[in-house]
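Below is one structure, written out as structure tokens, with a few remarks after it.
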Amino acid sequence: MKFIKKSYYYFFYKIYRSIEYTSKSFGGETLISSKAGLVMLALEAWVLFSFVAYYRIYTKTSMQLSISMPIVYIPLILLFVFNYFTLDYKGKWKQYNTEFANYSKKKNRIAGWIVFGIILLIISNLIYALYLMSQIDWSQYR
């Protein structure tokens, strides 16, 4: 369990560092942790959406969703609360950021490529799930 927790914090750390790097390049350093948290929330929501899409594809269940429906906003609120209590509450991420910053350059580079690969996997998985959904004639399943 400690490995999963540390991996989650490292994932946030790499996103935070990349946003920090690009913010310095473009002259703004405000709200970096909030931006990194928003990226984490988006990635988690995309994973959740992918699972829902695969469920819909497997069961051939058609449903119309809108942001005002509880089935949409409750999971998003839960993800937001989870991120708040694991990352922002009492600045827990700061403890880990200093630890991860002290990792060797080689270890940080390898782990950074792993994080980048996971992000690419999440994005490509979402695109593939949407592609599969587009291949189904949903008018037959209403």
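Chain labels A, B, ... are given in the sequence in which chains occur in the structure tokens; within each chain residues are numbered consecutively from 1, and ligands are likewise numbered from 1 in the order shown.
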
**OP:** Write out as a PyMOL selection string which residues come within 12 Å of stretch 6-15 of chain A when counting only C-alpha atoms, dropping same-chain ones fewer than 4 positions away.
**Re:** chain A and resi 1-2+19-22+32-41+43-44+82-83+86-88+91-101+103+107-119

Original post:
Among chain A, which residues carry a DSSP assignment of helix (DSSP H, G or I), reported as an MDAnalysis selection string?
Top reply: chainID A and resid 2:25 32:59 70:101 105:134 138:141

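Of the residues under consideration (A:Lys90, A:Gln135, A:Leu79, A:Arg17), A:Leu79 shows the shortest atom-to-atom contact distance to A:Trp46 when counting only C-alpha atoms.
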
Subject >> Who sits within 12 Å of A:Ile57, only C-alpha atoms, same chain under 4 positions skipped, as a list of chain:residue names >> reply: A:Ser50, A:Phe51, A:Val52, A:Ala53, A:Thr61, A:Ser62, A:Met63, A:Tyr128, A:Ala129, A:Leu130, A:Tyr131, A:Leu132, A:Met133, A:Ser134, A:Gln135, A:Ile136, A:Asp137, A:Trp138, A:Tyr141

Subject >> Residue nearest A:Leu48 among A:Gln64, A:Ile122, A:Lys105, A:Lys5 (counting only C-alpha atoms) >> reply: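 Nearest candidate to A:Leu48 out of A:Gln64, A:Ile122, A:Lys105, A:Lys5: A:Ile122.
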
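Here atom CA of A:Leu120 stands at a distance of 21.9 Å from atom CA of A:Phe80.
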
Subject >> Coordinates-based distance that separates atom CA of A:Ser104 from atom CA of A:Ile123 (Å, one decimal) >> reply: 28.5 Å
